[in-house]
$ cat query-v4.cif   # mmCIF, C-alpha atoms and all ligand atoms
data_work
loop_
_atom_site.label_atom_id
_atom_site.label_comp_id
_atom_site.auth_asym_id
_atom_site.auth_seq_id
_atom_site.Cartn_x
_atom_site.Cartn_y
_atom_site.Cartn_z
CA MET J 11 -76.34 124.58 -81.47
CA HIS J 12 -77.29 120.98 -80.77
CA ASP J 13 -74.79 119.18 -78.58
CA ASP J 14 -74.60 115.55 -79.69
CA SER J 15 -72.73 114.41 -76.61
CA LYS J 16 -75.45 115.44 -74.20
CA PRO J 17 -78.28 112.95 -73.78
CA SER J 18 -81.80 114.32 -74.23
CA ARG J 19 -82.88 112.80 -70.91
CA THR J 20 -81.26 111.32 -67.82
CA VAL J 21 -82.74 108.28 -66.13
CA PRO J 22 -80.71 107.34 -63.07
CA LEU J 23 -80.89 103.81 -61.67
CA LEU J 24 -82.46 105.24 -58.52
CA ASP J 25 -83.49 108.76 -57.51
CA LEU J 26 -84.13 108.96 -53.79
CA ARG J 27 -84.52 112.74 -53.91
CA ALA J 28 -87.68 112.34 -55.98
CA GLN J 29 -89.15 110.12 -53.29
CA PHE J 30 -88.09 112.49 -50.52
CA ALA J 31 -89.69 115.44 -52.31
CA SER J 32 -93.02 113.60 -52.24
CA ILE J 33 -92.98 112.98 -48.46
CA GLU J 34 -90.84 115.83 -47.16
CA ALA J 35 -93.75 117.53 -45.38
CA GLU J 36 -94.46 114.36 -43.39
CA ILE J 37 -90.82 113.67 -42.56
CA TRP J 38 -89.55 116.86 -40.94
CA PRO J 39 -92.12 116.91 -38.08
CA VAL J 40 -91.30 113.35 -36.97
CA ILE J 41 -87.58 114.05 -37.06
CA GLN J 42 -88.18 117.19 -35.07
CA ASP J 43 -90.18 115.20 -32.49
CA VAL J 44 -87.37 112.68 -32.00
CA VAL J 45 -84.70 115.35 -31.75
CA THR J 46 -86.80 117.33 -29.28
CA SER J 47 -87.38 114.23 -27.14
CA GLN J 48 -83.63 113.36 -27.13
CA LYS J 49 -84.67 109.68 -26.86
CA PHE J 50 -82.63 107.89 -29.48
CA ILE J 51 -82.44 104.25 -28.37
CA LEU J 52 -85.39 101.80 -28.50
CA GLY J 53 -88.60 102.74 -26.71
CA GLU J 54 -92.09 103.55 -28.03
CA GLU J 55 -91.27 104.70 -31.55
CA VAL J 56 -89.28 101.55 -32.29
CA THR J 57 -91.90 99.30 -30.70
CA ALA J 58 -94.66 100.98 -32.73
CA PHE J 59 -92.70 100.48 -35.95
CA GLU J 60 -91.99 96.84 -35.07
CA LYS J 61 -95.67 96.21 -34.53
CA GLN J 62 -96.59 97.84 -37.85
CA VAL J 63 -94.00 95.82 -39.77
CA ALA J 64 -95.09 92.59 -38.07
CA ASP J 65 -98.67 93.31 -39.18
CA TYR J 66 -97.51 94.26 -42.67
CA CYS J 67 -95.55 91.01 -43.01
CA ARG J 68 -98.35 89.03 -41.32
CA CYS J 69 -96.02 87.83 -38.57
CA LYS J 70 -96.48 87.81 -34.81
CA TYR J 71 -93.21 89.50 -33.88
CA ALA J 72 -90.74 91.94 -35.38
CA ILE J 73 -87.41 92.92 -33.81
CA GLY J 74 -85.61 95.95 -35.20
CA CYS J 75 -81.82 96.02 -35.51
CA ALA J 76 -79.06 98.09 -37.07
CA SER J 77 -78.95 96.59 -40.59
CA GLY J 78 -80.04 93.72 -42.78
CA SER J 79 -76.58 92.23 -42.33
CA ASP J 80 -77.08 92.22 -38.56
CA ALA J 81 -80.59 90.77 -38.96
CA LEU J 82 -78.99 87.74 -40.65
CA LEU J 83 -76.28 87.51 -38.01
CA LEU J 84 -78.81 87.75 -35.15
CA ALA J 85 -81.04 85.13 -36.80
CA LEU J 86 -78.17 82.63 -37.00
CA MET J 87 -77.14 83.46 -33.42
CA ALA J 88 -80.72 82.89 -32.25
CA TYR J 89 -80.38 79.31 -33.51
CA ASP J 90 -76.92 78.91 -31.95
CA ILE J 91 -75.18 78.50 -35.30
CA GLY J 92 -71.45 78.39 -34.60
CA PRO J 93 -68.05 77.04 -35.61
CA GLY J 94 -68.18 74.16 -38.06
CA ASP J 95 -71.96 74.29 -38.58
CA ARG J 96 -73.01 74.09 -42.20
CA VAL J 97 -75.52 76.61 -43.54
CA LEU J 98 -77.10 76.23 -46.97
CA THR J 99 -77.52 79.27 -49.24
CA THR J 100 -76.76 80.35 -52.82
CA PRO J 101 -73.67 82.05 -54.23
CA TYR J 102 -75.90 84.51 -56.14
CA THR J 103 -76.83 87.03 -53.46
CA PHE J 104 -75.52 90.13 -51.79
CA PHE J 105 -72.31 89.42 -49.87
CA ALA J 106 -73.92 89.88 -46.43
CA THR J 107 -75.89 86.62 -46.63
CA THR J 108 -72.74 84.55 -46.68
CA ALA J 109 -70.68 86.86 -44.48
CA ALA J 110 -73.17 86.35 -41.63
CA ILE J 111 -72.48 82.61 -41.82
CA THR J 112 -68.68 82.84 -41.89
CA ARG J 113 -68.57 85.54 -39.21
CA LEU J 114 -69.87 82.93 -36.77
CA GLY J 115 -67.28 80.39 -37.87
CA ALA J 116 -69.96 78.42 -39.70
CA ILE J 117 -69.46 77.04 -43.21
CA PRO J 118 -71.52 78.20 -46.18
CA VAL J 119 -72.72 75.36 -48.39
CA PHE J 120 -73.88 76.64 -51.76
CA VAL J 121 -76.52 75.44 -54.20
CA ASP J 122 -77.10 76.94 -57.61
CA ILE J 123 -80.00 79.18 -58.62
CA GLU J 124 -82.84 78.81 -61.10
CA PRO J 125 -82.05 80.46 -64.45
CA ASP J 126 -85.39 82.27 -64.70
CA HIS J 127 -85.66 83.56 -61.16
CA PHE J 128 -82.13 84.07 -59.81
CA ASN J 129 -83.34 82.21 -56.71
CA MET J 130 -82.26 79.02 -54.91
CA ASP J 131 -83.00 75.91 -56.95
CA PRO J 132 -85.41 73.99 -54.68
CA ASP J 133 -84.59 70.52 -56.03
CA GLN J 134 -80.86 70.96 -55.52
CA ALA J 135 -81.50 72.45 -52.08
CA VAL J 136 -83.64 69.49 -51.03
CA THR J 137 -80.95 67.04 -52.14
CA ILE J 138 -78.37 68.77 -49.99
CA ILE J 139 -80.71 69.07 -47.01
CA GLU J 140 -81.34 65.32 -47.28
CA THR J 141 -77.73 64.28 -47.66
CA ALA J 142 -75.46 66.78 -45.93
CA ARG J 143 -75.54 67.68 -42.24
CA ILE J 144 -77.02 71.15 -42.59
CA LYS J 145 -77.82 73.27 -39.51
CA ALA J 146 -79.79 76.07 -41.18
CA VAL J 147 -80.98 77.17 -44.61
CA ILE J 148 -80.97 80.75 -45.90
CA PRO J 149 -83.04 81.11 -49.06
CA VAL J 150 -82.72 84.62 -50.51
CA HIS J 151 -85.78 86.28 -52.08
CA LEU J 152 -83.72 88.18 -54.63
CA PHE J 153 -84.80 91.34 -56.48
CA GLY J 154 -88.31 91.24 -54.93
CA ALA J 155 -89.30 87.71 -55.97
CA CYS J 156 -89.78 84.75 -53.65
CA VAL J 157 -87.87 81.49 -53.61
CA ASP J 158 -89.99 78.37 -54.25
CA LEU J 159 -90.04 77.67 -50.53
CA ASP J 160 -92.43 74.77 -49.98
CA PRO J 161 -90.11 71.90 -50.98
CA ILE J 162 -87.27 73.45 -48.99
CA LEU J 163 -89.46 73.98 -45.92
CA THR J 164 -90.77 70.42 -46.00
CA ALA J 165 -87.30 68.88 -46.22
CA ALA J 166 -85.91 71.20 -43.55
CA ARG J 167 -88.78 70.78 -41.09
CA GLU J 168 -88.61 66.98 -41.30
CA ARG J 169 -85.12 67.37 -39.90
CA GLY J 170 -85.78 70.25 -37.49
CA ILE J 171 -83.59 72.62 -39.53
CA PRO J 172 -84.56 76.32 -39.30
CA VAL J 173 -85.25 78.19 -42.53
CA ILE J 174 -84.08 81.80 -42.32
CA GLU J 175 -85.51 83.88 -45.16
CA ASP J 176 -83.25 86.63 -46.45
CA ALA J 177 -86.08 88.99 -47.40
CA ALA J 178 -83.84 92.08 -47.52
CA GLN J 179 -85.03 92.87 -51.06
CA SER J 180 -88.57 91.58 -50.72
CA ILE J 181 -90.70 93.32 -48.13
CA GLY J 182 -94.36 92.74 -49.06
CA SER J 183 -93.54 90.15 -51.73
CA GLU J 184 -95.86 87.12 -51.66
CA TYR J 185 -95.33 83.40 -52.15
CA LYS J 186 -98.65 81.57 -52.67
CA GLY J 187 -100.36 84.39 -50.83
CA ARG J 188 -97.93 84.34 -47.89
CA ARG J 189 -95.70 87.32 -47.22
CA ALA J 190 -91.93 87.05 -47.49
CA GLY J 191 -90.42 86.73 -44.03
CA SER J 192 -93.50 85.08 -42.52
CA ILE J 193 -92.97 81.63 -44.03
CA GLY J 194 -89.75 80.26 -42.52
CA GLU J 195 -88.60 80.43 -38.88
CA ILE J 196 -87.14 83.94 -39.18
CA GLY J 197 -87.38 86.62 -41.85
CA CYS J 198 -84.52 89.11 -42.25
CA PHE J 199 -85.15 92.57 -43.66
CA SER J 200 -82.94 95.49 -44.62
CA PHE J 201 -83.95 99.13 -44.76
CA PHE J 202 -80.82 100.18 -46.62
CA PRO J 203 -81.82 103.29 -48.61
CA SER J 204 -82.09 101.45 -51.94
CA LYS J 205 -84.56 98.84 -50.69
CA ASN J 206 -88.29 99.33 -51.31
CA LEU J 207 -88.64 100.55 -47.72
CA GLY J 208 -85.46 102.56 -47.20
CA ALA J 209 -84.23 104.37 -44.09
CA PHE J 210 -82.07 107.49 -43.98
CA GLY J 211 -79.05 105.31 -43.36
CA ASP J 212 -78.66 101.72 -42.17
CA ALA J 213 -81.46 99.80 -40.47
CA GLY J 214 -82.80 96.23 -40.39
CA LEU J 215 -85.28 93.90 -38.74
CA CYS J 216 -86.11 90.25 -38.00
CA THR J 217 -89.61 88.78 -38.11
CA THR J 218 -90.76 85.54 -36.49
CA ASN J 219 -93.87 83.74 -35.26
CA ASP J 220 -91.97 82.02 -32.43
CA ALA J 221 -92.26 83.82 -29.08
CA SER J 222 -89.07 82.32 -27.61
CA ILE J 223 -87.04 83.17 -30.72
CA ALA J 224 -88.43 86.71 -30.61
CA ASP J 225 -87.35 86.96 -27.00
CA ARG J 226 -83.87 85.67 -27.85
CA LEU J 227 -83.49 88.13 -30.72
CA ARG J 228 -84.49 91.01 -28.43
CA SER J 229 -81.85 89.95 -25.95
CA LEU J 230 -79.14 89.31 -28.55
CA ARG J 231 -79.45 92.81 -30.03
CA VAL J 232 -78.65 94.37 -26.64
CA HIS J 233 -75.50 92.41 -25.75
CA GLY J 234 -77.44 89.32 -24.70
CA SER J 235 -79.19 90.90 -21.75
CA ARG J 236 -82.82 90.94 -20.67
CA VAL J 237 -82.20 92.85 -17.48
CA LYS J 238 -79.80 95.75 -17.90
CA TYR J 239 -76.20 94.85 -16.96
CA TYR J 240 -77.01 91.13 -16.52
CA HIS J 241 -75.92 88.95 -19.44
CA GLU J 242 -77.00 85.37 -20.11
CA VAL J 243 -75.28 85.12 -23.46
CA VAL J 244 -72.86 87.29 -25.44
CA GLY J 245 -74.90 89.20 -27.97
CA ILE J 246 -74.06 92.22 -30.08
CA ASN J 247 -75.01 95.90 -30.10
CA SER J 248 -77.49 96.17 -32.93
CA ARG J 249 -80.53 98.34 -32.41
CA LEU J 250 -82.84 100.16 -34.76
CA ASP J 251 -82.32 103.89 -34.20
CA VAL J 252 -85.39 105.85 -33.08
CA LEU J 253 -84.73 108.38 -35.84
CA GLN J 254 -84.80 105.62 -38.44
CA ALA J 255 -87.93 104.08 -36.93
CA ALA J 256 -89.69 107.45 -37.13
CA VAL J 257 -88.73 107.89 -40.79
CA LEU J 258 -89.66 104.29 -41.62
CA ARG J 259 -93.10 104.65 -40.01
CA VAL J 260 -93.85 107.52 -42.37
CA LYS J 261 -92.53 105.61 -45.37
CA LEU J 262 -94.37 102.38 -44.50
CA ARG J 263 -97.65 104.22 -45.16
CA HIS J 264 -96.53 104.72 -48.78
CA LEU J 265 -94.91 101.35 -49.37
CA ASP J 266 -97.79 99.60 -51.16
CA LYS J 267 -98.27 102.54 -53.49
CA TRP J 268 -94.52 102.55 -54.29
CA SER J 269 -94.37 98.80 -54.86
CA ALA J 270 -97.43 99.04 -57.15
CA ALA J 271 -95.67 101.78 -59.14
CA ARG J 272 -92.65 99.50 -59.53
CA GLN J 273 -94.97 96.75 -60.81
CA ARG J 274 -96.53 99.19 -63.26
CA ASN J 275 -93.05 100.16 -64.48
CA ALA J 276 -92.15 96.48 -64.91
CA ASP J 277 -95.32 96.02 -66.98
CA ILE J 278 -94.33 98.91 -69.24
CA TYR J 279 -90.88 97.39 -69.80
CA ARG J 280 -92.53 94.07 -70.63
CA GLU J 281 -94.73 95.73 -73.23
CA LEU J 282 -91.93 97.69 -74.81
CA LEU J 283 -88.80 95.58 -74.75
CA SER J 284 -88.27 93.52 -77.84
CA SER J 285 -87.02 89.96 -77.74
CA SER J 286 -83.42 91.17 -77.80
CA VAL J 287 -83.14 90.72 -74.03
CA MET J 288 -84.54 88.20 -71.56
CA LEU J 289 -87.00 89.72 -69.11
CA PRO J 290 -87.36 88.61 -65.50
CA ARG J 291 -89.94 85.82 -65.36
CA ALA J 292 -92.41 85.50 -62.54
CA ALA J 293 -93.22 81.97 -61.41
CA SER J 294 -96.85 80.97 -60.84
CA TYR J 295 -96.29 80.73 -57.07
CA GLN J 296 -95.15 84.37 -57.08
CA THR J 297 -98.47 85.98 -56.14
CA ARG J 298 -96.91 89.41 -55.58
CA HIS J 299 -93.60 90.70 -56.93
CA ILE J 300 -92.27 93.97 -55.50
CA TYR J 301 -89.53 94.60 -58.07
CA ASN J 302 -86.79 95.91 -55.84
CA GLN J 303 -84.79 95.45 -59.02
CA PHE J 304 -85.76 94.82 -62.63
CA VAL J 305 -82.97 92.61 -63.90
CA ILE J 306 -82.73 91.56 -67.52
CA GLN J 307 -80.34 89.06 -69.06
CA CYS J 308 -78.59 90.15 -72.22
CA GLN J 309 -75.75 89.55 -74.63
CA HIS J 310 -73.04 92.20 -75.03
CA ARG J 311 -73.65 93.51 -71.53
CA THR J 312 -70.63 95.80 -71.33
CA GLY J 313 -71.48 97.40 -74.67
CA LEU J 314 -75.13 97.86 -73.73
CA ARG J 315 -74.23 99.29 -70.35
CA ASP J 316 -71.79 101.79 -71.88
CA TYR J 317 -74.31 102.76 -74.55
CA LEU J 318 -77.05 103.35 -71.97
CA GLN J 319 -74.61 105.31 -69.82
CA GLN J 320 -73.72 107.56 -72.78
CA ASN J 321 -77.43 108.17 -73.20
CA GLY J 322 -77.93 109.13 -69.57
CA VAL J 323 -79.39 105.83 -68.34
CA GLY J 324 -78.04 104.36 -65.09
CA THR J 325 -77.74 100.59 -64.72
CA GLU J 326 -76.05 98.24 -62.27
CA ILE J 327 -74.74 94.69 -62.24
CA TYR J 328 -76.18 92.52 -59.47
CA TYR J 329 -73.85 90.69 -58.99
CA PRO J 330 -70.67 90.57 -61.07
CA LEU J 331 -68.85 87.80 -59.16
CA PRO J 332 -70.71 84.91 -57.47
CA LEU J 333 -69.74 84.41 -53.86
CA HIS J 334 -68.09 80.99 -54.32
CA LEU J 335 -65.48 82.74 -56.49
CA GLN J 336 -64.79 85.66 -54.12
CA PRO J 337 -61.15 85.78 -52.96
CA CYS J 338 -62.19 85.86 -49.28
CA PHE J 339 -63.99 82.53 -49.67
CA ALA J 340 -61.21 80.76 -51.58
CA TYR J 341 -60.60 78.61 -48.46
CA LEU J 342 -63.99 76.95 -49.04
CA GLY J 343 -62.44 75.21 -52.04
CA TYR J 344 -65.03 76.00 -54.71
CA LYS J 345 -63.91 76.58 -58.29
CA THR J 346 -65.19 78.02 -61.57
CA GLY J 347 -67.77 75.67 -63.05
CA ASP J 348 -69.23 74.57 -59.71
CA PHE J 349 -72.38 76.71 -60.10
CA PRO J 350 -72.85 77.24 -63.82
CA VAL J 351 -76.17 79.11 -63.63
CA SER J 352 -74.85 81.63 -61.12
CA GLU J 353 -71.68 82.06 -63.15
CA LYS J 354 -73.63 82.61 -66.37
CA LEU J 355 -76.08 85.11 -64.88
CA ALA J 356 -73.22 87.02 -63.27
CA LYS J 357 -72.06 87.68 -66.84
CA THR J 358 -75.42 88.50 -68.44
CA SER J 359 -77.57 90.27 -65.84
CA LEU J 360 -78.24 93.99 -65.90
CA ALA J 361 -80.53 96.00 -63.60
CA LEU J 362 -82.57 98.76 -65.26
CA PRO J 363 -84.15 101.77 -63.52
CA ILE J 364 -87.46 100.70 -61.93
CA TYR J 365 -88.00 103.14 -59.05
CA PRO J 366 -91.58 104.32 -58.41
CA GLU J 367 -91.21 107.97 -59.46
CA LEU J 368 -90.17 107.12 -63.03
CA GLU J 369 -92.48 108.49 -65.72
CA PRO J 370 -93.67 106.15 -68.49
CA ALA J 371 -91.66 108.37 -70.87
CA ASP J 372 -88.48 107.52 -68.92
CA ILE J 373 -89.10 103.82 -69.41
CA GLU J 374 -89.92 104.34 -73.08
CA TYR J 375 -86.61 106.16 -73.38
CA VAL J 376 -84.68 103.28 -71.76
CA ALA J 377 -86.47 100.62 -73.82
CA HIS J 378 -85.94 102.59 -77.03
CA HIS J 379 -82.20 102.78 -76.45
CA ILE J 380 -81.98 99.08 -75.70
CA ASP J 381 -83.76 98.37 -78.99
CA VAL J 382 -81.51 100.76 -80.87
CA PHE J 383 -78.42 99.11 -79.38
CA PHE J 384 -79.55 95.70 -80.55
CA GLY J 385 -80.58 97.08 -83.95
CA ALA J 386 -84.22 96.16 -83.55
CA PRO J 387 -86.69 97.89 -85.87
CA SER J 388 -88.61 100.56 -83.97
C1 LIG V 401 -79.24 94.63 -48.68
C2 LIG V 401 -79.10 93.16 -48.45
C3 LIG V 401 -78.58 92.62 -47.27
C4 LIG V 401 -77.90 93.44 -46.22
O1 LIG V 401 -78.61 94.49 -45.74
P1 LIG V 401 -77.83 95.77 -45.13
O2 LIG V 401 -78.96 96.52 -44.50
O3 LIG V 401 -77.21 96.49 -46.27
O4 LIG V 401 -76.86 95.28 -44.15
C5 LIG V 401 -78.59 91.25 -47.10
N1 LIG V 401 -79.06 90.44 -48.05
C6 LIG V 401 -79.54 90.91 -49.22
C7 LIG V 401 -80.05 89.95 -50.24
C8 LIG V 401 -79.56 92.29 -49.46
O5 LIG V 401 -80.01 92.74 -50.63
#

$ encode --input "query-v4.cif" --output "structure tokens"
Amino acid sequence: MHDDSKPSRTVPLLDLRAQFASIEAEIWPVIQDVVTSQKFILGEEVTAFEKQVADYCRCKYAIGCASGSDALLLALMAYDIGPGDRVLTTPYTFFATTAAITRLGAIPVFVDIEPDHFNMDPDQAVTIIETARIKAVIPVHLFGACVDLDPILTAARERGIPVIEDAAQSIGSEYKGRRAGSIGEIGCFSFFPSKNLGAFGDAGLCTTNDASIADRLRSLRVHGSRVKYYHEVVGINSRLDVLQAAVLRVKLRHLDKWSAARQRNADIYRELLSSSVMLPRAASYQTRHIYNQFVIQCQHRTGLRDYLQQNGVGTEIYYPLPLHLQPCFAYLGYKTGDFPVSEKLAKTSLALPIYPELEPADIEYVAHHIDVFFGAPS
């Protein structure tokens, strides 16, 4: 008998087991090598990975650390950001961007995002850089697309303000032909499992073209010491595990293929989805989009999400509450209405499955159910 309650297909938001199945034979030997060596902290494997990522991002230096959150923290520490310093970012990002600022006693100053791109509005950012005493800027390349960086960089550099790119979701993404993380003073990356290049746990990394900043980051991640047991500054303990570096070196070889598959999936959605939802738009400066997420904007989000769920399709809301309205940041004094674009998109955005191993039929299934929900003729 046909069971009406059981969907004919399941399409999770992300299926890491499918990816693992495709590289399993390459992974076990490198894990075995690390375990056999019993060398778990820094050393050759980490250095080799750092060099490969620096090349991949077209940067001179890369410094591995324990997470993307720590990469942001280390970057701000490298520029001596501290109590009372004001750091410009947007309220429409993952929590860690702003938490890194407040953890150092610094003050987040928010600007709104662009409605089409979910990214920092460059005009508003420039106005604040020109008028407020800002000590650093953190543009976030959200969902795999780059911020329109040039106006922000020009305004910041005129005033000697470092631009720290939060490229956690955008490894390999390109702005006017330049790779995310290579454009500002420091690029911060995350290898959280759901990112395009995901570790088997937490891991992160900073990129830079500045030799002295690279040196400072390397010291800060080992308690602020260059020579063991001698400390010039107080750093933190935040290293990239050798096991993670070994896994990430294997995965880096596949990254371009995976990001291309995500692009292909995005193209299929674009072909299939009717005008009932707003698709992510790519700006002309975006010369390569890596689609860490495929985020649509829609009416009736809760209803659509429930309907897709009932039909076996996983979705997620990035992000349901902008950071200026989070209870922990109430002391900053922002209120509802301060960042209308962020507040609107927090109510309308929905991430659809986009991971590389999806079959075209999976995407057709998702698109079909979206059309059915909105009553579009099919
Ligand atoms: C994932 C992410 C981070 C934090 O990275 P973790 O590795 O999870 O600490 C920071 N910023 C953005 C935009 C992210 O997506």

$ residues_around --input "query-v4.cif" --residues "segment 340-354 of chain J" --least-positions-apart "3" --cutoff "6 Å" --atoms "only C-alpha atoms" --output "list in words"
Tyr102, Asp122, His334, Pro337 and Lys357 of chain J

$ closest_residue --input "query-v4.cif" --among "J:Thr218, J:Thr137, J:Gln320, J:Thr103" --to "ligand LIG 401 (chain V)" --atoms "only C-alpha atoms and all ligand atoms"
J:Thr103

$ closest_residue --input "query-v4.cif" --among "J:Pro332, J:Pro172, J:Gly182, J:Gly385" --to "Asn206 of chain J" --atoms "all atoms listed in the file"
J:Gly182

$ residues_near_ligand --input "query-v4.cif" --ligand "ligand LIG 401 (chain V)" --cutoff "9 Å" --atoms "all atoms listed in the file" --output "ChimeraX atom specification"
/J:76-82,103-108,150-153,176-180,198-205,211-215

$ closest_residue --input "query-v4.cif" --among "J:Ala292, J:Ala256, J:Leu265, J:Leu360" --to "Val157 of chain J" --atoms "all atoms listed in the file"
J:Ala292

$ closest_residue --input "query-v4.cif" --among "J:Arg249, J:Lys61, J:His127, J:Arg169" --to "Gly74 of chain J" --atoms "all atoms listed in the file"
J:Arg249

$ residues_around --input "query-v4.cif" --residues "Thr57 of chain J" --least-positions-apart "6" --cutoff "12 Å" --atoms "only C-alpha atoms" --output "list in words"
Ile51, Val63, Ala64, Tyr71, Ala72, Ile73, Gly74, Cys75, Leu215, Arg228, Arg249, Leu250, Asp251, Val252, Ala255, Ala256 and Arg259 of chain J

$ closest_residue --input "query-v4.cif" --among "J:Thr325, J:Ser235, J:Ser192, J:Asn247" --to "Val21 of chain J" --atoms "all atoms listed in the file"
J:Thr325

$ atom_distance --input "query-v4.cif" --atom1 "atom CA of Thr46 of chain J" --atom2 "atom CA of Glu34 of chain J"
18.4 Å

$ residues_near_point --input "query-v4.cif" --point "(-99.0, 98.4, -51.7)" --cutoff "12 Å" --atoms "all atoms listed in the file" --output "list in words"
Tyr66, Cys67, Ile181, Gly182, Ser183, Glu184, Asn206, Leu207, Lys261, Leu262, Arg263, His264, Leu265, Asp266, Lys267, Trp268, Ser269, Ala270, Ala271, Arg272, Gln273, Arg274, Arg298, His299, Ile300 and Pro366 of chain J
